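**Student:** For reference, this is entry21.cif, and it has mmCIF, C-alpha atoms.
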```cif
data_run
#
loop_
_atom_site.label_atom_id
_atom_site.label_comp_id
_atom_site.auth_asym_id
_atom_site.auth_seq_id
_atom_site.Cartn_x
_atom_site.Cartn_y
_atom_site.Cartn_z
CA MET A 1 -42.70 -3.70 -13.10
CA SER A 2 -42.63 -0.16 -11.75
CA VAL A 3 -42.79 0.99 -8.16
CA SER A 4 -43.77 4.28 -6.58
CA VAL A 5 -41.12 6.52 -5.07
CA SER A 6 -41.60 9.73 -3.11
CA MET A 7 -39.07 12.18 -1.68
CA LYS A 8 -38.57 15.86 -1.07
CA VAL A 9 -36.41 17.43 -3.77
CA ASN A 10 -35.31 20.99 -3.13
CA GLY A 11 -38.05 21.34 -0.54
CA LYS A 12 -40.90 20.07 -2.74
CA THR A 13 -42.50 16.65 -2.70
CA ALA A 14 -41.58 14.64 -5.78
CA THR A 15 -43.24 11.35 -6.62
CA GLY A 16 -43.09 9.01 -9.55
CA ASN A 17 -43.21 5.44 -10.76
CA VAL A 18 -39.82 3.98 -11.56
CA GLU A 19 -38.27 0.68 -12.47
CA PRO A 20 -36.58 -0.83 -9.40
CA ARG A 21 -33.16 -0.39 -11.04
CA THR A 22 -33.64 3.37 -11.71
CA LEU A 23 -30.77 5.39 -10.35
CA LEU A 24 -31.38 8.54 -8.34
CA VAL A 25 -29.61 10.59 -11.02
CA GLN A 26 -32.04 9.24 -13.62
CA PHE A 27 -35.03 10.05 -11.44
CA ILE A 28 -33.76 13.60 -10.88
CA ARG A 29 -32.96 14.27 -14.53
CA GLU A 30 -35.53 12.23 -16.45
CA HIS A 31 -38.55 12.21 -14.15
CA LEU A 32 -38.15 15.63 -12.53
CA GLY A 33 -36.43 17.48 -15.39
CA LEU A 34 -33.69 18.86 -13.11
CA THR A 35 -30.73 18.65 -15.46
CA GLY A 36 -28.16 20.48 -13.33
CA THR A 37 -27.15 17.13 -11.87
CA HIS A 38 -24.89 15.73 -14.59
CA VAL A 39 -24.00 12.23 -15.70
CA GLY A 40 -20.35 12.25 -16.64
CA CYS A 41 -18.94 8.76 -16.40
CA ASP A 42 -21.53 6.14 -15.41
CA THR A 43 -18.89 4.58 -13.12
CA SER A 44 -19.05 6.87 -10.04
CA GLN A 45 -15.59 8.24 -10.81
CA CYS A 46 -16.22 11.87 -11.82
CA GLY A 47 -18.56 13.40 -9.21
CA ALA A 48 -20.63 15.39 -11.71
CA CYS A 49 -23.77 13.81 -10.26
CA VAL A 50 -23.26 14.79 -6.60
CA VAL A 51 -26.41 15.80 -4.71
CA HIS A 52 -27.22 15.96 -1.01
CA VAL A 53 -29.39 13.24 0.49
CA ASP A 54 -30.49 13.99 4.03
CA GLY A 55 -27.73 16.60 4.23
CA LYS A 56 -24.83 14.47 3.01
CA SER A 57 -23.23 14.52 -0.41
CA ILE A 58 -23.60 11.36 -2.46
CA LYS A 59 -22.93 10.44 -6.05
CA SER A 60 -26.46 10.01 -7.32
CA CYS A 61 -25.29 7.54 -9.96
CA THR A 62 -24.50 5.10 -7.13
CA MET A 63 -27.88 5.21 -5.40
CA LEU A 64 -31.14 3.70 -6.50
CA ALA A 65 -34.09 6.08 -6.50
CA LEU A 66 -35.90 3.60 -4.24
CA ARG A 67 -33.18 4.05 -1.58
CA ALA A 68 -34.01 7.76 -1.53
CA ASP A 69 -37.70 7.08 -0.90
CA GLY A 70 -38.71 9.37 1.96
CA ALA A 71 -35.41 11.26 1.88
CA ASP A 72 -34.70 14.98 1.61
CA VAL A 73 -32.72 15.55 -1.59
CA SER A 74 -31.03 18.80 -2.60
CA THR A 75 -29.70 19.48 -6.08
CA ILE A 76 -27.79 22.41 -7.51
CA GLU A 77 -31.11 23.94 -8.61
CA GLY A 78 -32.19 24.22 -4.99
CA LEU A 79 -29.24 26.26 -3.71
CA ALA A 80 -30.11 29.77 -4.87
CA LYS A 81 -32.81 31.46 -2.82
CA ASP A 82 -35.01 34.25 -4.17
CA GLY A 83 -32.62 34.89 -7.05
CA THR A 84 -29.56 35.09 -4.80
CA LEU A 85 -26.78 32.57 -5.35
CA HIS A 86 -25.66 30.38 -2.47
CA PRO A 87 -22.33 31.69 -1.08
CA MET A 88 -20.47 28.72 -2.58
CA GLN A 89 -22.00 29.34 -6.01
CA GLU A 90 -21.04 33.01 -5.75
CA ALA A 91 -17.48 32.07 -4.74
CA PHE A 92 -17.14 29.80 -7.78
CA ARG A 93 -18.33 32.67 -9.97
CA GLU A 94 -16.08 35.28 -8.36
CA HIS A 95 -12.95 33.12 -8.26
CA HIS A 96 -13.38 31.58 -11.73
CA GLY A 97 -13.73 28.09 -10.27
CA LEU A 98 -15.24 26.85 -13.51
CA GLN A 99 -14.54 26.76 -17.18
CA CYS A 100 -16.90 24.64 -19.23
CA GLY A 101 -19.15 24.21 -16.17
CA PHE A 102 -19.88 20.51 -16.60
CA CYS A 103 -18.30 19.48 -13.30
CA THR A 104 -19.37 22.62 -11.44
CA PRO A 105 -22.69 21.42 -9.96
CA GLY A 106 -21.04 18.35 -8.45
CA MET A 107 -18.05 20.39 -7.26
CA VAL A 108 -20.31 22.96 -5.57
CA MET A 109 -22.45 20.31 -3.88
CA SER A 110 -19.36 18.42 -2.69
CA ALA A 111 -17.74 21.65 -1.49
CA ILE A 112 -20.77 22.61 0.61
CA ASP A 113 -20.75 19.21 2.31
CA LEU A 114 -16.97 19.48 2.83
CA VAL A 115 -17.38 22.86 4.52
CA LYS A 116 -20.08 21.54 6.83
CA ARG A 117 -18.14 18.37 7.72
CA HIS A 118 -15.10 20.46 8.65
CA ASN A 119 -17.07 23.14 10.50
CA TYR A 120 -15.90 25.87 8.09
CA LYS A 121 -12.23 25.17 8.90
CA LEU A 122 -10.56 24.33 5.63
CA ASP A 123 -7.10 24.67 4.19
CA GLU A 124 -5.84 23.94 0.69
CA LYS A 125 -4.74 20.38 1.52
CA THR A 126 -8.13 19.53 3.06
CA VAL A 127 -9.99 20.94 0.05
CA ARG A 128 -7.83 19.08 -2.47
CA HIS A 129 -8.25 15.83 -0.54
CA GLY A 130 -11.98 16.40 -0.06
CA LEU A 131 -12.57 16.93 -3.77
CA GLU A 132 -10.57 13.91 -4.95
CA GLY A 133 -13.78 12.20 -6.07
CA ASN A 134 -14.66 15.12 -8.36
CA LEU A 135 -12.93 15.37 -11.71
CA CYS A 136 -12.51 18.49 -13.81
CA ARG A 137 -11.06 18.13 -17.26
CA CYS A 138 -10.63 21.86 -17.89
CA THR A 139 -8.84 23.41 -14.92
CA GLY A 140 -5.79 22.73 -12.83
CA TYR A 141 -8.01 22.93 -9.73
CA HIS A 142 -6.20 26.04 -8.45
CA ASN A 143 -9.21 28.32 -8.91
CA ILE A 144 -11.61 25.64 -7.68
CA VAL A 145 -9.64 25.38 -4.43
CA LYS A 146 -9.60 29.18 -4.09
CA ALA A 147 -13.35 29.25 -4.68
CA VAL A 148 -14.04 26.58 -2.06
CA LEU A 149 -11.92 28.38 0.53
CA ALA A 150 -13.66 31.69 -0.20
CA GLY A 151 -17.05 29.95 -0.21
CA ALA A 152 -16.33 28.45 3.21
CA GLU A 153 -15.57 31.90 4.62
CA ALA A 154 -18.73 33.35 3.05
CA MET A 155 -20.85 30.47 4.32
CA GLN A 156 -19.55 30.98 7.84
CA ALA A 157 -20.09 34.74 7.68
CA LYS A 158 -23.69 34.23 6.52
CA GLY A 159 -24.38 31.35 8.90
CA VAL A 160 -25.21 28.97 6.07
#
```
Before anything else, please render the file you have as structure tokens.
**Tutor:**
Amino acid sequence: MSVSVSMKVNGKTATGNVEPRTLLVQFIREHLGLTGTHVGCDTSQCGACVVHVDGKSIKSCTMLALRADGADVSTIEGLAKDGTLHPMQEAFREHHGLQCGFCTPGMVMSAIDLVKRHNYKLDEKTVRHGLEGNLCRCTGYHNIVKAVLAGAEAMQAKGV
């Protein structure tokens, strides 16, 4: 039995028929073809699947697509505007906050939410604590933390 689901994804209406047990991450990747949202662990431990639902970061492997019916969903593909990277994406690039890049979309999406929840006021301890649900197997997190702090400053300066 399939059911219809409809939501805005990166500002565009997205609809589809899904099995009731379809996860949001599956809908995003398999139905919409947006593969920037990664599946890393299938147990909600790694954070590679983080997206924003109605402005808040969630692990899309923990949410059924049906629960997002009518929601506003943002993925990593929706951050850049007119060919210009989002300030957090640019900060990750400039501060080498990535290596293999697998965790990067989830890290960036989590970092943006972290910045907004803390009204741009972050320190290293807050960033490290805020990203505890995001795992990176390549780095020691030092450059990720630097990137998030720089991204927060750039977001504030640009009013994002």
**Student:** When you count all atoms listed in the file, which of these residues is closest to Val39 in chain A: A:Cys61, A:Val53, A:Leu66, A:Leu85?
**Tutor:**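 Going through A:Cys61, A:Val53, A:Leu66, A:Leu85 one by one, the smallest distance to Val39 in chain A is for A:Cys61.
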**Student:** Could the centre and edge lengths of an axis-aligned box, enclosing all atoms of range 81-88 of chain A in the file with 8 Å extra on each side, be given in Å to one decimal as lines of an AutoDock Vina configuration file?
**Tutor:**
```
center_x = -27.7
center_y = 31.9
center_z = -4.1
size_x = 30.5
size_y = 22.4
size_z = 22.0
```
**Student:** Please write as a list in words the full residue list that the PyMOL selection byres ((chain A and resi 71) around 8) yields on this file.
**Tutor:**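 Output of the PyMOL selection byres ((chain A and resi 71) around 8): Met7, Lys8, Val53, Asp54, Ala68, Asp69, Gly70, Asp72 and Val73 of chain A.
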**Student:** Generate a file of the selected residues that holds C-alpha atoms, formatted as a PDB file, in the frame of the given file.
**Tutor:**
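Final output, result-v5.pdb:
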```
ATOM      1  CA  MET A   7     -39.070  12.180  -1.680  1.00  0.00           C
ATOM      2  CA  LYS A   8     -38.570  15.860  -1.070  1.00  0.00           C
ATOM      3  CA  VAL A  53     -29.390  13.240   0.490  1.00  0.00           C
ATOM      4  CA  ASP A  54     -30.490  13.990   4.030  1.00  0.00           C
ATOM      5  CA  ALA A  68     -34.010   7.760  -1.530  1.00  0.00           C
ATOM      6  CA  ASP A  69     -37.700   7.080  -0.900  1.00  0.00           C
ATOM      7  CA  GLY A  70     -38.710   9.370   1.960  1.00  0.00           C
ATOM      8  CA  ASP A  72     -34.700  14.980   1.610  1.00  0.00           C
ATOM      9  CA  VAL A  73     -32.720  15.550  -1.590  1.00  0.00           C
TER      10      VAL A  73
END
```
**Student:** Using all atoms listed in the file, which of A:Gln156, A:Thr104, A:Gln99, A:Gln89 sits nearest Lys116 in chain A?
**Tutor:**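 Ranking A:Gln156, A:Thr104, A:Gln99, A:Gln89 by distance to Lys116 in chain A, first place goes to A:Gln156.
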**Student:** For Thr15 in chain A, which residue out of A:Ala65, A:Glu132, A:Thr35, A:Glu94 is the nearest one, using only C-alpha atoms?
**Tutor:** A:Ala65
**Student:** If I take CA of Pro105 in chain A and CA of Val5 in chain A, how far is one from the other in Å, to one decimal?
**Tutor:** 24.2 Å
**Student:** Have a look at A:Cys103, A:Leu64, A:Ile112, A:Ala80 and name the one nearest to Cys136 in chain A; count only C-alpha atoms.
**Tutor:**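 Between A:Cys103, A:Leu64, A:Ile112, A:Ala80, the residue approaching Cys136 in chain A most closely is A:Cys103.
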**Student:** List the residues selected by the PyMOL selection byres ((chain A and resi 25) around 12) in the file shown, writing them as an MDAnalysis selection string.
**Tutor:** chainID A and resid 21:24 26:40 42 44 47:53 58:66 68 73:75 106
**Student:** What is the CA of Ser57 in chain A to CA of Asp113 in chain A distance in Å?
**Tutor:** 6.0 Å
**Student:** Identify the residues around (-8.5, 18.7, -1.4) within a radius of 12 Å, measuring from all atoms listed in the file in the coordinates stated by the file, and give them as JSON, numbers by chain.
**Tutor:** {"A": [107, 110, 111, 114, 115, 122, 123, 124, 125, 126, 127, 128, 129, 130, 131, 132, 133, 134, 135, 141, 142, 144, 145, 146, 148, 149]}
**Student:** Could you tell me how far CA of Ser2 in chain A sits from CA of Ala14 in chain A, in Å to one decimal place?
**Tutor:**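 Separation of CA of Ala14 in chain A and CA of Ser2 in chain A: 16.0 Å.
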**Student:** Taking into account all atoms listed in the file, which residue in the set A:Cys46, A:Ala150, A:Leu79, A:Val160 is nearest to Asn10 in chain A?
**Tutor:** A:Leu79
